[in-house]
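Printed here is structure.cif (mmCIF, C-alpha atoms):
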```cif
data_input
loop_
_atom_site.group_PDB
_atom_site.id
_atom_site.type_symbol
_atom_site.label_atom_id
_atom_site.label_comp_id
_atom_site.auth_asym_id
_atom_site.auth_seq_id
_atom_site.Cartn_x
_atom_site.Cartn_y
_atom_site.Cartn_z
ATOM 1 C CA MET A 1 -107.181 -161.098 -75.072
ATOM 2 C CA ASN A 2 -108.957 -159.759 -71.985
ATOM 3 C CA ASP A 3 -108.446 -156.394 -70.280
ATOM 4 C CA GLN A 4 -106.729 -157.928 -67.243
ATOM 5 C CA PHE A 5 -104.178 -159.662 -69.458
ATOM 6 C CA GLU A 6 -103.566 -156.470 -71.416
ATOM 7 C CA GLY A 7 -103.160 -154.471 -68.197
ATOM 8 C CA ASP A 8 -100.685 -156.993 -66.743
ATOM 9 C CA TRP A 9 -98.790 -157.130 -69.997
ATOM 10 C CA LEU A 10 -98.567 -153.345 -70.139
ATOM 11 C CA GLU A 11 -97.394 -153.073 -66.530
ATOM 12 C CA ARG A 12 -94.807 -155.797 -67.091
ATOM 13 C CA ARG A 13 -93.480 -154.041 -70.176
ATOM 14 C CA LEU A 14 -93.389 -150.697 -68.386
ATOM 15 C CA ARG A 15 -91.438 -152.194 -65.472
ATOM 16 C CA ASP A 16 -89.070 -153.965 -67.851
ATOM 17 C CA GLU A 17 -88.443 -150.641 -69.526
ATOM 18 C CA MET A 18 -87.328 -149.100 -66.237
ATOM 19 C CA PRO A 19 -83.733 -150.287 -65.845
ATOM 20 C CA TYR A 20 -81.810 -149.736 -62.622
ATOM 21 C CA ILE A 21 -79.941 -146.441 -62.913
ATOM 22 C CA ASN A 22 -76.401 -146.725 -61.614
ATOM 23 C CA ASP A 23 -75.463 -144.217 -58.940
ATOM 24 C CA ASP A 24 -72.386 -142.932 -60.863
ATOM 25 C CA GLY A 25 -71.542 -140.339 -58.202
ATOM 26 C CA PHE A 26 -75.093 -139.048 -57.801
ATOM 27 C CA THR A 27 -75.203 -139.730 -54.044
ATOM 28 C CA ALA A 28 -71.827 -138.025 -53.577
ATOM 29 C CA ARG A 29 -73.068 -134.934 -55.428
ATOM 30 C CA VAL A 30 -76.162 -134.759 -53.219
ATOM 31 C CA LEU A 31 -74.077 -135.150 -50.052
ATOM 32 C CA GLN A 32 -71.740 -132.344 -51.150
ATOM 33 C CA GLN A 33 -74.694 -129.990 -51.236
ATOM 34 C CA LEU A 34 -76.116 -130.892 -47.838
ATOM 35 C CA PRO A 35 -76.059 -127.948 -45.461
ATOM 36 C CA ALA A 36 -73.654 -128.525 -42.593
ATOM 37 C CA THR A 37 -75.681 -126.335 -40.292
ATOM 38 C CA GLN A 38 -78.201 -128.757 -38.839
ATOM 39 C CA SER A 39 -75.869 -129.925 -36.071
ATOM 40 C CA ARG A 40 -75.537 -126.281 -35.023
ATOM 41 C CA TYR A 41 -79.247 -126.232 -34.203
ATOM 42 C CA SER A 42 -78.715 -128.578 -31.266
ATOM 43 C CA VAL A 43 -75.797 -126.445 -30.035
ATOM 44 C CA ARG A 44 -77.969 -123.341 -30.307
ATOM 45 C CA ALA A 45 -80.778 -125.081 -28.426
ATOM 46 C CA ALA A 46 -78.361 -126.108 -25.650
ATOM 47 C CA VAL A 47 -76.993 -122.547 -25.368
ATOM 48 C CA LEU A 48 -80.524 -121.111 -25.204
ATOM 49 C CA LEU A 49 -81.512 -123.619 -22.524
ATOM 50 C CA CYS A 50 -78.441 -122.815 -20.416
ATOM 51 C CA LEU A 51 -79.037 -119.059 -20.742
ATOM 52 C CA THR A 52 -82.702 -119.492 -19.752
ATOM 53 C CA LEU A 53 -81.731 -121.529 -16.699
ATOM 54 C CA LEU A 54 -79.074 -118.987 -15.706
ATOM 55 C CA ALA A 55 -81.513 -116.089 -16.124
ATOM 56 C CA SER A 56 -84.112 -117.936 -14.017
ATOM 57 C CA ILE A 57 -81.625 -118.566 -11.202
ATOM 58 C CA ILE A 58 -80.456 -114.923 -11.206
ATOM 59 C CA THR A 59 -84.074 -113.680 -11.223
ATOM 60 C CA TYR A 60 -84.927 -116.012 -8.334
ATOM 61 C CA PHE A 61 -82.175 -114.654 -6.110
ATOM 62 C CA VAL A 62 -82.537 -111.008 -7.161
ATOM 63 C CA SER A 63 -86.301 -111.092 -6.502
ATOM 64 C CA ASP A 64 -85.944 -112.392 -2.959
ATOM 65 C CA GLY A 65 -86.868 -116.014 -3.650
ATOM 66 C CA GLY A 66 -89.382 -115.294 -6.382
ATOM 67 C CA ARG A 67 -91.536 -113.132 -4.145
ATOM 68 C CA PHE A 68 -92.829 -111.132 -7.120
ATOM 69 C CA LEU A 69 -94.518 -114.285 -8.430
ATOM 70 C CA ILE A 70 -96.470 -114.789 -5.221
ATOM 71 C CA GLU A 71 -97.489 -111.135 -5.286
ATOM 72 C CA ALA A 72 -98.602 -111.441 -8.930
ATOM 73 C CA VAL A 73 -100.762 -114.479 -8.082
ATOM 74 C CA TYR A 74 -102.339 -112.602 -5.181
ATOM 75 C CA ARG A 75 -103.043 -109.639 -7.450
ATOM 76 C CA LEU A 76 -104.576 -111.911 -10.116
ATOM 77 C CA ALA A 77 -106.759 -113.633 -7.523
ATOM 78 C CA SER A 78 -108.127 -110.277 -6.380
ATOM 79 C CA LEU A 79 -109.239 -109.314 -9.930
ATOM 80 C CA PRO A 80 -112.940 -109.691 -10.916
ATOM 81 C CA LEU A 81 -113.858 -113.148 -12.258
ATOM 82 C CA LEU A 82 -115.110 -111.722 -15.579
ATOM 83 C CA PHE A 83 -111.750 -110.034 -16.215
ATOM 84 C CA VAL A 84 -109.827 -113.261 -15.462
ATOM 85 C CA GLY A 85 -112.158 -115.186 -17.801
ATOM 86 C CA LEU A 86 -111.639 -112.673 -20.608
ATOM 87 C CA LEU A 87 -107.889 -112.828 -20.076
ATOM 88 C CA ALA A 88 -107.991 -116.638 -20.331
ATOM 89 C CA ILE A 89 -110.047 -116.540 -23.558
ATOM 90 C CA CYS A 90 -107.729 -113.949 -25.134
ATOM 91 C CA SER A 91 -104.676 -115.996 -24.195
ATOM 92 C CA THR A 92 -106.227 -119.155 -25.674
ATOM 93 C CA LEU A 93 -107.084 -117.379 -28.933
ATOM 94 C CA LEU A 94 -103.580 -115.931 -29.190
ATOM 95 C CA VAL A 95 -101.914 -119.320 -28.646
ATOM 96 C CA THR A 96 -104.294 -120.991 -31.153
ATOM 97 C CA ALA A 97 -103.547 -118.333 -33.783
ATOM 98 C CA LEU A 98 -99.791 -118.739 -33.279
ATOM 99 C CA ALA A 99 -100.048 -122.544 -33.483
ATOM 100 C CA ALA A 100 -102.172 -122.380 -36.656
ATOM 101 C CA ASN A 101 -99.663 -120.012 -38.231
ATOM 102 C CA ALA A 102 -96.784 -122.354 -37.342
ATOM 103 C CA ALA A 103 -98.682 -125.360 -38.749
ATOM 104 C CA LEU A 104 -99.438 -123.535 -42.002
ATOM 105 C CA SER A 105 -95.855 -122.440 -42.517
ATOM 106 C CA THR A 106 -94.658 -126.021 -41.837
ATOM 107 C CA ALA A 107 -97.121 -127.353 -44.422
ATOM 108 C CA ARG A 108 -95.884 -124.751 -46.917
ATOM 109 C CA THR A 109 -92.273 -125.823 -46.322
ATOM 110 C CA GLU A 110 -93.231 -129.471 -46.792
ATOM 111 C CA ARG A 111 -94.708 -128.686 -50.213
ATOM 112 C CA MET B 1 -78.279 -156.351 -41.359
ATOM 113 C CA PRO B 2 -79.288 -153.396 -43.559
ATOM 114 C CA LEU B 3 -81.432 -150.730 -41.910
ATOM 115 C CA ASN B 4 -84.888 -150.003 -43.268
ATOM 116 C CA ASP B 5 -86.074 -146.534 -44.321
ATOM 117 C CA ALA B 6 -87.708 -145.772 -40.955
ATOM 118 C CA ASP B 7 -84.473 -146.535 -39.063
ATOM 119 C CA LEU B 8 -82.421 -144.441 -41.474
ATOM 120 C CA VAL B 9 -84.842 -141.511 -41.218
ATOM 121 C CA ALA B 10 -84.690 -141.778 -37.408
ATOM 122 C CA ARG B 11 -80.896 -141.571 -37.541
ATOM 123 C CA VAL B 12 -81.018 -138.501 -39.756
ATOM 124 C CA LEU B 13 -83.537 -136.878 -37.421
ATOM 125 C CA LEU B 14 -81.826 -137.696 -34.147
ATOM 126 C CA GLU B 15 -78.153 -137.547 -35.053
ATOM 127 C CA ASP B 16 -78.135 -135.581 -38.318
ATOM 128 C CA ASP B 17 -76.383 -138.673 -39.664
ATOM 129 C CA HIS B 18 -75.166 -137.928 -43.187
ATOM 130 C CA HIS B 19 -74.216 -141.577 -43.730
ATOM 131 C CA ALA B 20 -77.787 -142.631 -43.018
ATOM 132 C CA PHE B 21 -79.070 -140.006 -45.453
ATOM 133 C CA ALA B 22 -76.548 -141.200 -48.057
ATOM 134 C CA GLU B 23 -77.981 -144.701 -47.647
ATOM 135 C CA LEU B 24 -81.485 -143.327 -48.246
ATOM 136 C CA VAL B 25 -80.283 -141.547 -51.397
ATOM 137 C CA ARG B 26 -78.547 -144.697 -52.653
ATOM 138 C CA ASN B 27 -81.673 -146.792 -52.028
ATOM 139 C CA HIS B 28 -84.051 -144.416 -53.800
ATOM 140 C CA GLN B 29 -81.976 -142.615 -56.432
ATOM 141 C CA SER B 30 -82.784 -145.030 -59.237
ATOM 142 C CA PRO B 31 -86.612 -144.899 -59.114
ATOM 143 C CA VAL B 32 -86.648 -141.142 -58.422
ATOM 144 C CA ARG B 33 -84.250 -140.362 -61.274
ATOM 145 C CA GLY B 34 -86.116 -142.825 -63.496
ATOM 146 C CA LEU B 35 -89.443 -141.142 -62.822
ATOM 147 C CA LEU B 36 -87.989 -137.693 -63.471
ATOM 148 C CA ARG B 37 -86.331 -138.869 -66.690
ATOM 149 C CA GLN B 38 -89.702 -140.016 -67.935
ATOM 150 C CA LEU B 39 -91.464 -136.851 -66.802
ATOM 151 C CA THR B 40 -88.852 -134.635 -68.452
ATOM 152 C CA ARG B 41 -89.115 -136.690 -71.657
ATOM 153 C CA GLY B 42 -85.614 -138.077 -71.450
ATOM 154 C CA ASP B 43 -83.762 -134.874 -70.526
ATOM 155 C CA LEU B 44 -81.158 -136.675 -68.396
ATOM 156 C CA ALA B 45 -79.352 -133.545 -67.175
ATOM 157 C CA LEU B 46 -82.547 -131.776 -66.128
ATOM 158 C CA ALA B 47 -83.891 -134.956 -64.517
ATOM 159 C CA ASP B 48 -80.734 -135.352 -62.428
ATOM 160 C CA ASP B 49 -80.788 -131.685 -61.409
ATOM 161 C CA LEU B 50 -84.394 -132.073 -60.270
ATOM 162 C CA ALA B 51 -83.573 -135.319 -58.466
ATOM 163 C CA GLN B 52 -80.734 -133.591 -56.595
ATOM 164 C CA GLU B 53 -83.062 -130.756 -55.661
ATOM 165 C CA ALA B 54 -85.661 -133.285 -54.475
ATOM 166 C CA PHE B 55 -83.189 -135.079 -52.202
ATOM 167 C CA LEU B 56 -81.930 -131.785 -50.792
ATOM 168 C CA ARG B 57 -85.490 -130.712 -50.017
ATOM 169 C CA ALA B 58 -86.137 -134.098 -48.446
ATOM 170 C CA TYR B 59 -83.117 -133.596 -46.184
ATOM 171 C CA LYS B 60 -84.103 -130.065 -45.192
ATOM 172 C CA ASN B 61 -87.723 -131.041 -44.499
ATOM 173 C CA ILE B 62 -87.186 -134.498 -43.076
ATOM 174 C CA ARG B 63 -88.776 -133.372 -39.804
ATOM 175 C CA SER B 64 -92.077 -133.047 -41.633
ATOM 176 C CA PHE B 65 -91.986 -136.735 -42.620
ATOM 177 C CA ARG B 66 -94.254 -138.340 -40.048
ATOM 178 C CA GLY B 67 -94.226 -141.892 -41.365
ATOM 179 C CA GLU B 68 -97.918 -141.825 -42.341
ATOM 180 C CA ALA B 69 -96.911 -142.781 -45.893
ATOM 181 C CA LYS B 70 -93.933 -144.766 -47.124
ATOM 182 C CA PHE B 71 -90.701 -142.777 -47.369
ATOM 183 C CA SER B 72 -90.604 -143.493 -51.114
ATOM 184 C CA THR B 73 -94.109 -142.022 -51.557
ATOM 185 C CA TRP B 74 -93.089 -138.894 -49.645
ATOM 186 C CA LEU B 75 -89.963 -138.650 -51.798
ATOM 187 C CA TYR B 76 -91.924 -139.067 -55.044
ATOM 188 C CA ARG B 77 -94.189 -136.246 -53.929
ATOM 189 C CA ILE B 78 -91.234 -133.915 -53.388
ATOM 190 C CA ALA B 79 -89.719 -134.974 -56.729
ATOM 191 C CA TYR B 80 -93.029 -134.410 -58.511
ATOM 192 C CA ASN B 81 -93.343 -130.954 -56.918
ATOM 193 C CA CYS B 82 -89.823 -130.099 -58.130
ATOM 194 C CA PHE B 83 -90.817 -131.212 -61.629
ATOM 195 C CA ARG B 84 -94.080 -129.246 -61.487
ATOM 196 C CA GLU B 85 -92.251 -126.058 -60.497
ATOM 197 C CA GLU B 86 -89.841 -126.558 -63.404
ATOM 198 C CA ALA B 87 -92.727 -127.363 -65.762
ATOM 199 C CA ARG B 88 -94.322 -124.014 -64.940
ATOM 200 C CA LYS B 89 -91.190 -122.338 -66.301
ATOM 201 C CA ARG B 90 -90.778 -124.670 -69.291
ATOM 202 C CA LYS B 91 -94.012 -125.234 -71.151
ATOM 203 C CA GLU B 92 -92.436 -127.918 -73.357
ATOM 204 C CA LEU B 93 -92.376 -130.302 -70.386
ATOM 205 C CA VAL B 94 -96.147 -130.336 -70.303
ATOM 206 C CA GLY B 95 -96.995 -130.149 -73.994
ATOM 207 C CA ILE B 96 -95.913 -132.594 -76.665
ATOM 208 C CA ASP B 97 -92.565 -131.849 -78.244
ATOM 209 C CA GLU B 98 -91.774 -134.212 -81.100
ATOM 210 C CA THR B 99 -88.122 -133.174 -81.203
ATOM 211 C CA LYS B 100 -87.624 -134.701 -77.753
ATOM 212 C CA LEU B 101 -88.638 -138.069 -79.176
ATOM 213 C CA GLU B 102 -85.353 -138.136 -81.050
ATOM 214 C CA ALA B 103 -83.387 -137.849 -77.803
ATOM 215 C CA GLU B 104 -80.131 -139.775 -77.489
ATOM 216 C CA PRO B 105 -80.659 -143.493 -76.812
ATOM 217 C CA ASP B 106 -80.222 -144.781 -73.271
ATOM 218 C CA PRO B 107 -77.183 -147.096 -73.039
ATOM 219 C CA GLN B 108 -79.045 -149.347 -70.581
ATOM 220 C CA THR B 109 -81.716 -150.195 -73.114
ATOM 221 C CA VAL B 110 -83.025 -153.745 -72.922
ATOM 222 C CA ASP B 111 -84.730 -153.868 -76.281
ATOM 223 C CA PRO B 112 -84.081 -150.711 -78.315
ATOM 224 C CA ALA B 113 -86.948 -151.157 -80.765
ATOM 225 C CA LEU B 114 -89.630 -151.773 -78.151
ATOM 226 C CA ARG B 115 -88.184 -149.203 -75.800
ATOM 227 C CA HIS B 116 -88.358 -146.522 -78.410
ATOM 228 C CA ASP B 117 -91.964 -147.379 -79.152
ATOM 229 C CA LEU B 118 -92.897 -147.425 -75.488
ATOM 230 C CA MET B 119 -91.102 -144.152 -74.833
ATOM 231 C CA HIS B 120 -92.803 -142.683 -77.849
ATOM 232 C CA ALA B 121 -96.196 -143.890 -76.687
ATOM 233 C CA LEU B 122 -95.662 -142.613 -73.115
ATOM 234 C CA GLN B 123 -94.529 -139.230 -74.276
ATOM 235 C CA LEU B 124 -97.616 -138.803 -76.390
ATOM 236 C CA LEU B 125 -99.802 -138.957 -73.291
ATOM 237 C CA PRO B 126 -100.795 -135.708 -71.588
ATOM 238 C CA LEU B 127 -98.856 -135.006 -68.399
ATOM 239 C CA HIS B 128 -101.634 -135.944 -65.956
ATOM 240 C CA GLU B 129 -102.139 -139.355 -67.583
ATOM 241 C CA ARG B 130 -98.403 -139.947 -68.056
ATOM 242 C CA SER B 131 -97.710 -139.170 -64.374
ATOM 243 C CA ALA B 132 -100.464 -141.501 -63.185
ATOM 244 C CA ILE B 133 -99.317 -144.330 -65.484
ATOM 245 C CA LEU B 134 -95.667 -143.899 -64.467
ATOM 246 C CA LEU B 135 -96.425 -143.934 -60.754
ATOM 247 C CA CYS B 136 -99.017 -146.725 -60.725
ATOM 248 C CA CYS B 137 -97.978 -149.017 -63.562
ATOM 249 C CA GLN B 138 -94.232 -148.500 -63.682
ATOM 250 C CA ASN B 139 -93.246 -147.598 -60.120
ATOM 251 C CA GLY B 140 -95.829 -149.851 -58.488
ATOM 252 C CA LEU B 141 -97.593 -147.261 -56.317
ATOM 253 C CA SER B 142 -101.180 -147.897 -55.299
ATOM 254 C CA HIS B 143 -103.828 -145.483 -56.583
ATOM 255 C CA ASP B 144 -104.064 -144.025 -53.094
ATOM 256 C CA GLU B 145 -100.304 -143.435 -52.909
ATOM 257 C CA ALA B 146 -100.305 -141.875 -56.389
ATOM 258 C CA ALA B 147 -103.130 -139.562 -55.308
ATOM 259 C CA ARG B 148 -100.938 -138.378 -52.411
ATOM 260 C CA VAL B 149 -97.959 -137.818 -54.691
ATOM 261 C CA LEU B 150 -99.928 -135.961 -57.356
ATOM 262 C CA GLU B 151 -102.155 -134.177 -54.812
ATOM 263 C CA ILE B 152 -105.308 -135.017 -56.722
ATOM 264 C CA PRO B 153 -108.428 -136.993 -55.711
ATOM 265 C CA LEU B 154 -108.270 -140.787 -55.790
ATOM 266 C CA GLY B 155 -111.023 -140.972 -58.424
ATOM 267 C CA THR B 156 -109.064 -138.682 -60.738
ATOM 268 C CA VAL B 157 -106.006 -140.926 -60.467
ATOM 269 C CA LYS B 158 -108.082 -143.985 -61.373
ATOM 270 C CA THR B 159 -109.592 -142.164 -64.352
ATOM 271 C CA ASN B 160 -106.184 -140.937 -65.533
ATOM 272 C CA VAL B 161 -104.698 -144.440 -65.274
ATOM 273 C CA LEU B 162 -107.621 -145.958 -67.182
ATOM 274 C CA ARG B 163 -107.538 -143.342 -69.923
ATOM 275 C CA GLY B 164 -103.740 -143.484 -70.160
ATOM 276 C CA ARG B 165 -103.846 -147.285 -70.429
ATOM 277 C CA GLU B 166 -106.459 -147.147 -73.154
ATOM 278 C CA LYS B 167 -104.401 -144.656 -75.145
ATOM 279 C CA LEU B 168 -101.206 -146.671 -74.636
ATOM 280 C CA LYS B 169 -102.981 -149.835 -75.742
ATOM 281 C CA LYS B 170 -104.105 -148.131 -78.925
ATOM 282 C CA ILE B 171 -100.668 -146.715 -79.667
ATOM 283 C CA LEU B 172 -98.895 -149.981 -78.874
ATOM 284 C CA SER B 173 -101.421 -152.301 -80.482
ATOM 285 C CA ALA B 174 -99.086 -152.748 -83.433
ATOM 286 C CA TRP B 175 -96.645 -154.795 -81.312
ATOM 287 C CA GLY B 176 -98.833 -155.984 -78.433
ATOM 288 C CA PRO B 177 -99.540 -159.647 -77.585
ATOM 289 C CA ALA B 178 -101.694 -161.532 -80.054
#
```

Could you write out this structure as structure tokens?
Amino acid sequence: MNDQFEGDWLERRLRDEMPYINDDGFTARVLQQLPATQSRYSVRAAVLLCLTLLASIITYFVSDGGRFLIEAVYRLASLPLLFVGLLAICSTLLVTALAANAALSTARTER
Amino acid sequence: MPLNDADLVARVLLEDDHHAFAELVRNHQSPVRGLLRQLTRGDLALADDLAQEAFLRAYKNIRSFRGEAKFSTWLYRIAYNCFREEARKRKELVGIDETKLEAEPDPQTVDPALRHDLMHALQLLPLHERSAILLCCQNGLSHDEAARVLEIPLGTVKTNVLRGREKLKKILSAWGPA
């Protein structure tokens, strides 16, 4: 009796010993416990999107066609190059830290 | 034509389709519950509670399933994590408890005498070897897939399977093939 034969025999016996387990209401019990809130996420996202759009439109008209944005760009362009560079690096680091935090918490949830 | 796992997962993700998720549960409940029954040493109630918890977690975290592994592998991993959390609270799930060997017989037994011996032999293995044997030899996962489920290196899985097989062979030698 070689090792391969013994291994196959063992696996066959193990699989034979694993009968199909009838559902017997198991799926229904799982479904009863499913949270019914996930569909609300899409509604919440739609509401947030609409509010953001509305706020943008109001801001555009109130600020005389978004004039404050043009002024902000002018002001930024007049700043020293070193300051703008530092601002860019800080922003990049902040976004990277936030993304890493989000990725870690997602991985934790997955576990 | 029945939908495959990827299509069903897509429906759950895009439409929060409970019918699609029910189909996934129906397709996978037997192997997941079977694995947990073996891991819990035949505690049917606890195994089903853990299986329910595993499916609920799968539903809540389905967005984190990226299709890199098979859905069943991902599900086994969640189920094994549920078991591991429970095992931390109940030491008897990890150690050997001879009283569990006298658990009530399963009505779906094919061959009661051999089944009892095999169950007995499996339950005598330490948890890490039992888990590897169950996943690779009984549930048909590759060593790589089992390593993902158990979150241990591939080499460790291979060693655990080899050692578990050797021990099983010794225990079962009394009624093995001639």

Write out as a Markdown table a residue-level contact list of chain B versus chain A with cut-off 7 Å: for each qualifying residue the closest pair of atoms and the distance in Å to one decimal, counting all atoms listed in the file, rows sorted by chain and residue number upward.
```
| residue | atom | partner | partner_atom | distance |
| --- | --- | --- | --- | --- |
| B:Asp16 | CA | A:Ser39 | CA | 6.5 |
| B:Ala22 | CA | A:Thr27 | CA | 6.3 |
| B:Val25 | CA | A:Thr27 | CA | 6.0 |
| B:Arg26 | CA | A:Thr27 | CA | 6.1 |
| B:Ser30 | CA | A:Ile21 | CA | 4.9 |
| B:Gly34 | CA | A:Met18 | CA | 7.0 |
| B:Gln52 | CA | A:Val30 | CA | 5.8 |
| B:Leu56 | CA | A:Leu34 | CA | 6.6 |
| B:Asn61 | CA | A:Glu110 | CA | 6.2 |
| B:Ser64 | CA | A:Glu110 | CA | 6.4 |
| B:Gln108 | CA | A:Pro19 | CA | 6.7 |
| B:Arg115 | CA | A:Glu17 | CA | 6.4 |
| B:Cys137 | CA | A:Glu11 | CA | 5.1 |
| B:Gln138 | CA | A:Arg15 | CA | 5.0 |
```

Take the residues that were just selected and, keeping C-alpha atoms, output them as a JSON list (two decimals), in the frame of the given file.
```
[["chain", "number", "residue", "atom", "x", "y", "z"],
["B", 16, "ASP", "CA", -78.14, -135.58, -38.32],
["B", 22, "ALA", "CA", -76.55, -141.20, -48.06],
["B", 25, "VAL", "CA", -80.28, -141.55, -51.40],
["B", 26, "ARG", "CA", -78.55, -144.70, -52.65],
["B", 30, "SER", "CA", -82.78, -145.03, -59.24],
["B", 34, "GLY", "CA", -86.12, -142.82, -63.50],
["B", 52, "GLN", "CA", -80.73, -133.59, -56.60],
["B", 56, "LEU", "CA", -81.93, -131.78, -50.79],
["B", 61, "ASN", "CA", -87.72, -131.04, -44.50],
["B", 64, "SER", "CA", -92.08, -133.05, -41.63],
["B", 108, "GLN", "CA", -79.04, -149.35, -70.58],
["B", 115, "ARG", "CA", -88.18, -149.20, -75.80],
["B", 137, "CYS", "CA", -97.98, -149.02, -63.56],
["B", 138, "GLN", "CA", -94.23, -148.50, -63.68]]
```

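Across the structure, atom CA of Tyr74 of chain A and atom CA of Tyr60 of chain A are spaced 18.0 Å apart.
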
**Report entry** Long-range neighbours of Arg148 of chain B as a count of residues only, 12 Å cut-off, only C-alpha atoms, 3 positions minimum in chain
**Finding:** 27

Requested in this report: For the structure shown, which residues end up in the PyMOL selection byres ((chain B and resi 122) around 9)? Put them as a PyMOL selection string, please?
Outcome: chain B and resi 38+41+117-121+123-126+130+133-134+164+168

Selection export as a tab-separated table (two decimals), in the coordinates of the input, atoms kept: C-alpha atoms:
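After the write, selection-v3.tsv holds the following:
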```
chain	number	residue	atom	x	y	z
B	38	GLN	CA	-89.70	-140.02	-67.94
B	41	ARG	CA	-89.12	-136.69	-71.66
B	117	ASP	CA	-91.96	-147.38	-79.15
B	118	LEU	CA	-92.90	-147.43	-75.49
B	119	MET	CA	-91.10	-144.15	-74.83
B	120	HIS	CA	-92.80	-142.68	-77.85
B	121	ALA	CA	-96.20	-143.89	-76.69
B	123	GLN	CA	-94.53	-139.23	-74.28
B	124	LEU	CA	-97.62	-138.80	-76.39
B	125	LEU	CA	-99.80	-138.96	-73.29
B	126	PRO	CA	-100.80	-135.71	-71.59
B	130	ARG	CA	-98.40	-139.95	-68.06
B	133	ILE	CA	-99.32	-144.33	-65.48
B	134	LEU	CA	-95.67	-143.90	-64.47
B	164	GLY	CA	-103.74	-143.48	-70.16
B	168	LEU	CA	-101.21	-146.67	-74.64
```

**Report entry** For atom CA of Val161 of chain B and atom CA of His128 of chain B, the interatomic separation in Å (one decimal)
**Finding:** 9.1 Å

Query raised in the report: Interatomic distance between atom CA of Arg66 of chain B and atom CA of Val32 of chain B?
Result: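 Between atom CA of Arg66 of chain B and atom CA of Val32 of chain B the gap works out to 20.1 Å.
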
Query - Within 6 Å of Ala20 of chain B using all atoms listed in the file, minus same-chain residues under 3 positions, as number ranges by chain - result: B: 8, 17, 23

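Within a radius of 12 Å around (-86.4, -148.7, -43.0), the polymer residues are Met1, Pro2, Leu3, Asn4, Asp5, Ala6, Asp7, Leu8, Val9, Ala10, Arg11, Val12, Ala20, Phe21, Glu23, Leu24, Asn27, His28, Gly67, Lys70, Phe71 and Ser72 of chain B, counting all atoms listed in the file.
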
Env of segment 83-87 of chain B: 12 Å cut, atoms = only C-alpha atoms, seq-sep filter 3 positions within chain, self excluded. Answer as a compact mmCIF listing (two decimals) with C-alpha atoms, in the frame of the given file.
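result_11.txt written:
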```txt
# COMPACT_ATOMS: atom_id res chain seq x y z
CA ARG A 111 -94.71 -128.69 -50.21
CA VAL B 32 -86.65 -141.14 -58.42
CA ARG B 33 -84.25 -140.36 -61.27
CA LEU B 35 -89.44 -141.14 -62.82
CA LEU B 36 -87.99 -137.69 -63.47
CA ARG B 37 -86.33 -138.87 -66.69
CA GLN B 38 -89.70 -140.02 -67.94
CA LEU B 39 -91.46 -136.85 -66.80
CA THR B 40 -88.85 -134.64 -68.45
CA ARG B 41 -89.12 -136.69 -71.66
CA ASP B 43 -83.76 -134.87 -70.53
CA LEU B 46 -82.55 -131.78 -66.13
CA ALA B 47 -83.89 -134.96 -64.52
CA ASP B 48 -80.73 -135.35 -62.43
CA ASP B 49 -80.79 -131.68 -61.41
CA LEU B 50 -84.39 -132.07 -60.27
CA ALA B 51 -83.57 -135.32 -58.47
CA GLN B 52 -80.73 -133.59 -56.60
CA GLU B 53 -83.06 -130.76 -55.66
CA ALA B 54 -85.66 -133.28 -54.48
CA TYR B 76 -91.92 -139.07 -55.04
CA ARG B 77 -94.19 -136.25 -53.93
CA ILE B 78 -91.23 -133.92 -53.39
CA ALA B 79 -89.72 -134.97 -56.73
CA TYR B 80 -93.03 -134.41 -58.51
CA ARG B 90 -90.78 -124.67 -69.29
CA LYS B 91 -94.01 -125.23 -71.15
CA GLU B 92 -92.44 -127.92 -73.36
CA LEU B 93 -92.38 -130.30 -70.39
CA VAL B 94 -96.15 -130.34 -70.30
CA GLY B 95 -97.00 -130.15 -73.99
CA LEU B 127 -98.86 -135.01 -68.40
CA HIS B 128 -101.63 -135.94 -65.96
CA SER B 131 -97.71 -139.17 -64.37
CA VAL B 149 -97.96 -137.82 -54.69
CA LEU B 150 -99.93 -135.96 -57.36
CA GLU B 151 -102.16 -134.18 -54.81
```

Can you pull segment 75-92 of chain B out of that block with C-alpha atoms and hand it back as a compact mmCIF listing (two decimals), in the first residue's frame?
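See result37.txt below for the written result:
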```
# COMPACT_ATOMS: atom_id res chain seq x y z
CA LEU B 75 -16.91 32.33 3.30
CA TYR B 76 -14.84 29.58 4.94
CA ARG B 77 -12.47 32.24 6.21
CA ILE B 78 -15.31 34.17 7.84
CA ALA B 79 -16.74 30.94 9.30
CA TYR B 80 -13.33 29.93 10.64
CA ASN B 81 -12.89 33.38 12.22
CA CYS B 82 -16.30 33.02 13.90
CA PHE B 83 -15.22 29.63 15.24
CA ARG B 84 -11.86 30.99 16.42
CA GLU B 85 -13.55 33.82 18.33
CA GLU B 86 -15.85 31.28 20.00
CA ALA B 87 -12.92 28.95 20.70
CA ARG B 88 -11.17 31.74 22.61
CA LYS B 89 -14.15 31.79 24.98
CA ARG B 90 -14.56 28.01 25.16
CA LYS B 91 -11.29 26.21 25.70
CA GLU B 92 -12.91 22.80 25.20
```
